[in-house]
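Written out below as structure tokens is the structure these notes cover.
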Amino acid sequence: MTKDAASTVLAILKNLVIGAVLGIANVIPGVSGGTMAASFGIYDQLIQLLSHLWTELRKNWKKNLLFLLPLGAGLVISILLCSKLVSFLLEHYNVPTNFFFIGVILGSIPMILGKTVKPKVRPSLLLPFLLTLGLMVWMAFSSGGEQSAVRYTELTVPVFFLMLLFGAVAAACMIVPGISGSFVMLVLGVYTTVLTSISGVFTWPIDGATWHCVGMLIPVGLGCIVGLIFGSKLVDVLIRKQPQATYFAILGLVVGSLLAVFPKDSLALTLELP
């Protein structure tokens, strides 16, 4: 194997692993796929590629596909395979699992902070930081989604378009570091439907219930594609027009997301210790 071929294989494997981590993050409410992308240093590249997809593919289709396809494959495979695993870890090892993601989130803060201080920090730039931080605090303490959760069992026409819309909104939010797409689904009340459908795809033997779960996921998948494309375009415009303000807003989202991920069980345990 030549040196160039070995480098290509390593790059594909690296992007496959990164995509898998993004997929796992997107299964967990409170963990942002955008934050994970920022942590791995691929966020700007991903936004640029998704927001100018056809232009970037025409410019260098081989390089961009070798980046995007393994990333997407790892993301989809890990979402499908890890939904039951993540549910198990959160149920039986909630505290260490959440602290693992807290560590990853904390690791992304210095990189984002570095983008906010150039060329210089103006007091007015604290406003987008405070606004997004306040939004995350509100979402962290909001339980409206859990209380209003609906388990959709039939894929009627209204449910199809509803799931399409919710998938688009969640995916658009997933692009933004700090906002969890699955947490948005939780707030919207459809997280249980989506997670149950994903888990139901891997039932054996394959029967009508399996295909029903696949059918429930089709509008969600289509909505995610739409949300990723249009959400990335919005973020790309904001980064180009107001880079400092945008990264201050992202910093507020990332810092605020720690509240959503922080395991309350560990706080209760600490308070109970003598």
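Ordering of the structure tokens sets the chain letters (A, B, ...); residue numbers start at 1 within each chain; ligands are numbered from 1 in the order shown.
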
Against range 18-22 of chain A, which residues of range 46-92 of chain A fall within 12 Å? For each one I want the closest pair of atoms and the distance in Å (one decimal), counting only C-alpha atoms, rows by chain and increasing residue number, as a Markdown table.
| residue | atom | partner | partner_atom | distance |
| --- | --- | --- | --- | --- |
| A:Leu46 | CA | A:Gly19 | CA | 11.5 |
| A:Phe67 | CA | A:Gly19 | CA | 10.1 |
| A:Leu68 | CA | A:Gly19 | CA | 9.2 |
| A:Leu69 | CA | A:Gly19 | CA | 9.4 |
| A:Pro70 | CA | A:Gly19 | CA | 7.1 |
| A:Leu71 | CA | A:Gly19 | CA | 4.3 |
| A:Gly72 | CA | A:Gly19 | CA | 6.1 |
| A:Ala73 | CA | A:Gly19 | CA | 7.0 |
| A:Gly74 | CA | A:Ala20 | CA | 4.3 |
| A:Leu75 | CA | A:Gly19 | CA | 4.3 |
| A:Val76 | CA | A:Ala20 | CA | 7.6 |
| A:Ile77 | CA | A:Ala20 | CA | 7.1 |
| A:Ser78 | CA | A:Ala20 | CA | 5.0 |
| A:Ile79 | CA | A:Ala20 | CA | 7.7 |
| A:Leu80 | CA | A:Ala20 | CA | 10.3 |
| A:Leu81 | CA | A:Ala20 | CA | 9.9 |
| A:Cys82 | CA | A:Ala20 | CA | 9.2 |
| A:Ser83 | CA | A:Ala20 | CA | 11.9 |
| A:Val86 | CA | A:Val21 | CA | 11.7 |

With a cut-off of 10 Å, could you pull out the residues of range 88-182 of chain A touching range 226-238 of chain A and give me the nearest pair of atoms for each, distance in Å to one decimal, using only C-alpha atoms, ordered by chain and ascending number, as JSON lines?
{"residue": "A:Leu164", "atom": "CA", "partner": "A:Val226", "partner_atom": "CA", "distance": 9.1}
{"residue": "A:Leu165", "atom": "CA", "partner": "A:Gly227", "partner_atom": "CA", "distance": 8.8}
{"residue": "A:Phe166", "atom": "CA", "partner": "A:Gly227", "partner_atom": "CA", "distance": 9.3}
{"residue": "A:Gly167", "atom": "CA", "partner": "A:Gly227", "partner_atom": "CA", "distance": 7.3}
{"residue": "A:Ala168", "atom": "CA", "partner": "A:Gly227", "partner_atom": "CA", "distance": 4.0}
{"residue": "A:Val169", "atom": "CA", "partner": "A:Gly227", "partner_atom": "CA", "distance": 6.1}
{"residue": "A:Ala170", "atom": "CA", "partner": "A:Gly227", "partner_atom": "CA", "distance": 7.4}
{"residue": "A:Ala171", "atom": "CA", "partner": "A:Gly227", "partner_atom": "CA", "distance": 5.0}
{"residue": "A:Ala172", "atom": "CA", "partner": "A:Gly231", "partner_atom": "CA", "distance": 4.4}
{"residue": "A:Cys173", "atom": "CA", "partner": "A:Gly231", "partner_atom": "CA", "distance": 7.3}
{"residue": "A:Met174", "atom": "CA", "partner": "A:Leu228", "partner_atom": "CA", "distance": 8.0}
{"residue": "A:Ile175", "atom": "CA", "partner": "A:Ser232", "partner_atom": "CA", "distance": 6.4}
{"residue": "A:Val176", "atom": "CA", "partner": "A:Val235", "partner_atom": "CA", "distance": 7.5}

Limited to N, CA, C and O atoms, could you put the picked residues into a file as a PDB file, in the first residue's frame?
ATOM      1  N   LEU A 164     -41.754  14.987   9.948  1.00  0.00           N
ATOM      2  CA  LEU A 164     -40.853  15.653   9.003  1.00  0.00           C
ATOM      3  C   LEU A 164     -40.421  17.007   9.546  1.00  0.00           C
ATOM      4  O   LEU A 164     -39.230  17.361   9.532  1.00  0.00           O
ATOM      5  N   LEU A 165     -41.383  17.768  10.061  1.00  0.00           N
ATOM      6  CA  LEU A 165     -41.097  19.093  10.617  1.00  0.00           C
ATOM      7  C   LEU A 165     -40.206  18.991  11.849  1.00  0.00           C
ATOM      8  O   LEU A 165     -39.209  19.721  11.972  1.00  0.00           O
ATOM      9  N   PHE A 166     -40.539  18.081  12.757  1.00  0.00           N
ATOM     10  CA  PHE A 166     -39.750  17.932  13.982  1.00  0.00           C
ATOM     11  C   PHE A 166     -38.327  17.460  13.670  1.00  0.00           C
ATOM     12  O   PHE A 166     -37.368  17.881  14.315  1.00  0.00           O
ATOM     13  N   GLY A 167     -38.184  16.579  12.681  1.00  0.00           N
ATOM     14  CA  GLY A 167     -36.854  16.136  12.279  1.00  0.00           C
ATOM     15  C   GLY A 167     -36.025  17.281  11.725  1.00  0.00           C
ATOM     16  O   GLY A 167     -34.827  17.395  12.017  1.00  0.00           O
ATOM     17  N   ALA A 168     -36.661  18.162  10.935  1.00  0.00           N
ATOM     18  CA  ALA A 168     -35.955  19.309  10.365  1.00  0.00           C
ATOM     19  C   ALA A 168     -35.524  20.282  11.450  1.00  0.00           C
ATOM     20  O   ALA A 168     -34.396  20.785  11.447  1.00  0.00           O
ATOM     21  N   VAL A 169     -36.417  20.560  12.393  1.00  0.00           N
ATOM     22  CA  VAL A 169     -36.092  21.485  13.488  1.00  0.00           C
ATOM     23  C   VAL A 169     -34.959  20.933  14.345  1.00  0.00           C
ATOM     24  O   VAL A 169     -34.010  21.648  14.689  1.00  0.00           O
ATOM     25  N   ALA A 170     -35.044  19.649  14.681  1.00  0.00           N
ATOM     26  CA  ALA A 170     -34.014  19.028  15.524  1.00  0.00           C
ATOM     27  C   ALA A 170     -32.656  19.020  14.827  1.00  0.00           C
ATOM     28  O   ALA A 170     -31.627  19.298  15.433  1.00  0.00           O
ATOM     29  N   ALA A 171     -32.638  18.710  13.513  1.00  0.00           N
ATOM     30  CA  ALA A 171     -31.376  18.663  12.776  1.00  0.00           C
ATOM     31  C   ALA A 171     -30.769  20.054  12.632  1.00  0.00           C
ATOM     32  O   ALA A 171     -29.551  20.223  12.734  1.00  0.00           O
ATOM     33  N   ALA A 172     -31.616  21.061  12.396  1.00  0.00           N
ATOM     34  CA  ALA A 172     -31.119  22.433  12.297  1.00  0.00           C
ATOM     35  C   ALA A 172     -30.510  22.875  13.623  1.00  0.00           C
ATOM     36  O   ALA A 172     -29.478  23.553  13.644  1.00  0.00           O
ATOM     37  N   CYS A 173     -31.121  22.475  14.719  1.00  0.00           N
ATOM     38  CA  CYS A 173     -30.576  22.802  16.043  1.00  0.00           C
ATOM     39  C   CYS A 173     -29.302  22.018  16.313  1.00  0.00           C
ATOM     40  O   CYS A 173     -28.384  22.522  16.970  1.00  0.00           O
ATOM     41  N   MET A 174     -29.233  20.792  15.794  1.00  0.00           N
ATOM     42  CA  MET A 174     -28.067  19.940  16.013  1.00  0.00           C
ATOM     43  C   MET A 174     -26.804  20.565  15.429  1.00  0.00           C
ATOM     44  O   MET A 174     -25.700  20.361  15.942  1.00  0.00           O
ATOM     45  N   ILE A 175     -26.958  21.343  14.356  1.00  0.00           N
ATOM     46  CA  ILE A 175     -25.818  22.001  13.717  1.00  0.00           C
ATOM     47  C   ILE A 175     -25.163  23.001  14.658  1.00  0.00           C
ATOM     48  O   ILE A 175     -23.957  23.239  14.611  1.00  0.00           O
ATOM     49  N   VAL A 176     -25.958  23.602  15.546  1.00  0.00           N
ATOM     50  CA  VAL A 176     -25.454  24.654  16.431  1.00  0.00           C
ATOM     51  C   VAL A 176     -24.818  24.026  17.663  1.00  0.00           C
ATOM     52  O   VAL A 176     -25.470  23.278  18.385  1.00  0.00           O
TER      53      VAL A 176
END

Which of these, A:Pro110, A:Gly103, A:Gly181, A:Pro119, has the shortest distance to Ser32 in chain A once you count only C-alpha atoms?
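Among the listed residues, the smallest separation from Ser32 in chain A belongs to A:Gly181.
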
Ranking A:Val9, A:Ala209, A:Val17, A:Leu126 by minimum distance to Ala37 in chain A and counting only C-alpha atoms, which one comes first?
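Ranked by minimum distance to Ala37 in chain A, first place goes to A:Val17.
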
Taking the DSSP assignment computed from this structure's backbone, write out as number ranges by chain all residues of range 94-210 of chain A that belong to alpha helix (DSSP H).
A: 94-116, 126-140, 144-147, 157-175, 181-188, 191-200, 208-210

May I ask which of the residues A:Ser39, A:Thr132, A:Thr97, A:Ser182 is the closest one to Leu195 in chain A, counting only C-alpha atoms?
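Using only C-alpha atoms, the shortest distance to Leu195 in chain A belongs to A:Ser182.
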
Neighbours of Phe129 in chain A within 12 Å (only C-alpha atoms; same-chain residues fewer than 5 positions away dropped), as a VMD selection string?
chain A and resid 113 116 123 to 124 134 to 136 178 244 to 256

Could you turn the residues from that selection into a file that holds N, CA, C and O atoms, as a short mmCIF file (atom, residue, chain, number, x, y, z; two decimals), in the first residue's frame?
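That gives us out_14.cif:
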data_model
loop_
_atom_site.label_atom_id
_atom_site.label_comp_id
_atom_site.auth_asym_id
_atom_site.auth_seq_id
_atom_site.Cartn_x
_atom_site.Cartn_y
_atom_site.Cartn_z
N LEU A 113 -13.48 29.72 22.56
CA LEU A 113 -13.10 30.98 23.21
C LEU A 113 -12.02 31.70 22.40
O LEU A 113 -12.02 32.93 22.32
N THR A 116 -13.40 34.00 19.83
CA THR A 116 -14.17 35.16 20.28
C THR A 116 -13.30 36.36 20.61
O THR A 116 -13.81 37.47 20.73
N PRO A 123 -17.63 45.10 24.84
CA PRO A 123 -18.65 44.77 25.85
C PRO A 123 -19.98 44.34 25.22
O PRO A 123 -20.69 43.49 25.78
N SER A 124 -20.32 44.90 24.06
CA SER A 124 -21.59 44.55 23.42
C SER A 124 -21.66 43.09 23.00
O SER A 124 -22.75 42.54 22.83
N GLY A 134 -28.80 32.13 28.64
CA GLY A 134 -30.12 32.14 29.27
C GLY A 134 -31.07 31.15 28.63
O GLY A 134 -31.86 30.49 29.33
N LEU A 135 -30.99 31.02 27.28
CA LEU A 135 -31.83 30.04 26.58
C LEU A 135 -31.52 28.63 27.04
O LEU A 135 -32.43 27.83 27.30
N MET A 136 -30.24 28.30 27.19
CA MET A 136 -29.85 26.96 27.62
C MET A 136 -30.25 26.70 29.07
O MET A 136 -30.64 25.58 29.42
N GLY A 178 -23.88 23.25 21.28
CA GLY A 178 -24.54 23.58 22.53
C GLY A 178 -25.99 23.16 22.58
O GLY A 178 -26.53 22.91 23.65
N GLN A 244 -17.52 37.15 15.37
CA GLN A 244 -17.31 37.24 16.81
C GLN A 244 -18.60 37.07 17.58
O GLN A 244 -18.66 36.32 18.55
N ALA A 245 -19.65 37.78 17.16
CA ALA A 245 -20.94 37.69 17.84
C ALA A 245 -21.49 36.27 17.77
O ALA A 245 -22.06 35.75 18.73
N THR A 246 -21.30 35.62 16.60
CA THR A 246 -21.79 34.25 16.43
C THR A 246 -21.07 33.29 17.36
O THR A 246 -21.70 32.44 18.01
N TYR A 247 -19.74 33.43 17.46
CA TYR A 247 -19.00 32.52 18.33
C TYR A 247 -19.25 32.82 19.81
O TYR A 247 -19.19 31.92 20.64
N PHE A 248 -19.55 34.08 20.15
CA PHE A 248 -19.96 34.37 21.53
C PHE A 248 -21.30 33.69 21.83
O PHE A 248 -21.50 33.17 22.93
N ALA A 249 -22.21 33.72 20.85
CA ALA A 249 -23.49 33.04 21.02
C ALA A 249 -23.29 31.54 21.16
O ALA A 249 -23.91 30.88 22.00
N ILE A 250 -22.39 30.98 20.33
CA ILE A 250 -22.09 29.55 20.41
C ILE A 250 -21.47 29.21 21.76
O ILE A 250 -21.79 28.18 22.37
N LEU A 251 -20.60 30.09 22.26
CA LEU A 251 -19.97 29.86 23.56
C LEU A 251 -21.02 29.79 24.67
O LEU A 251 -20.95 28.93 25.56
N GLY A 252 -22.01 30.67 24.60
CA GLY A 252 -23.10 30.63 25.58
C GLY A 252 -23.88 29.34 25.51
O GLY A 252 -24.26 28.76 26.54
N LEU A 253 -24.11 28.83 24.28
CA LEU A 253 -24.82 27.57 24.11
C LEU A 253 -24.02 26.39 24.68
O LEU A 253 -24.57 25.51 25.33
N VAL A 254 -22.71 26.41 24.41
CA VAL A 254 -21.86 25.30 24.88
C VAL A 254 -21.77 25.29 26.40
O VAL A 254 -21.92 24.25 27.05
N VAL A 255 -21.52 26.47 27.00
CA VAL A 255 -21.43 26.56 28.47
C VAL A 255 -22.77 26.16 29.10
O VAL A 255 -22.82 25.40 30.07
N GLY A 256 -23.86 26.64 28.52
CA GLY A 256 -25.18 26.32 29.05
C GLY A 256 -25.55 24.86 28.92
O GLY A 256 -26.31 24.32 29.73
#

Å distance separating CA of Gly107 in chain A from CA of Phe40 in chain A, one decimal place
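Interatomic distance, CA of Gly107 in chain A to CA of Phe40 in chain A: 9.6 Å.
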
Please determine, counting only C-alpha atoms, which residue among A:Asn94, A:Thr2, A:Asn26, A:Thr192 has the shortest atom-to-atom distance to Thr153 in chain A.
A:Thr192

Check the smallest atom-to-atom distance from each of A:Ala6, A:Leu66, A:His212, A:Ser199 to Phe88 in chain A using only C-alpha atoms, then report the winner.
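The shortest atom-to-atom distance to Phe88 in chain A comes from A:Ser199.
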
Suppose you want the space between CA of Leu155 in chain A and CA of Gly215 in chain A; what is it in Å?
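Between CA of Leu155 in chain A and CA of Gly215 in chain A the gap works out to 7.3 Å.
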
Would you work out the distance separating CA of Leu217 in chain A from CA of Val159 in chain A, expressed in Å to one decimal?
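Separation between CA of Leu217 in chain A and CA of Val159 in chain A: 11.3 Å.
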
Nearest to Lys84 in chain A, chosen from A:Ile206, A:Leu188, A:Ile28, A:Val137, with only C-alpha atoms counted in the distances:
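Counting only C-alpha atoms, the residue closest to Lys84 in chain A is A:Ile28.
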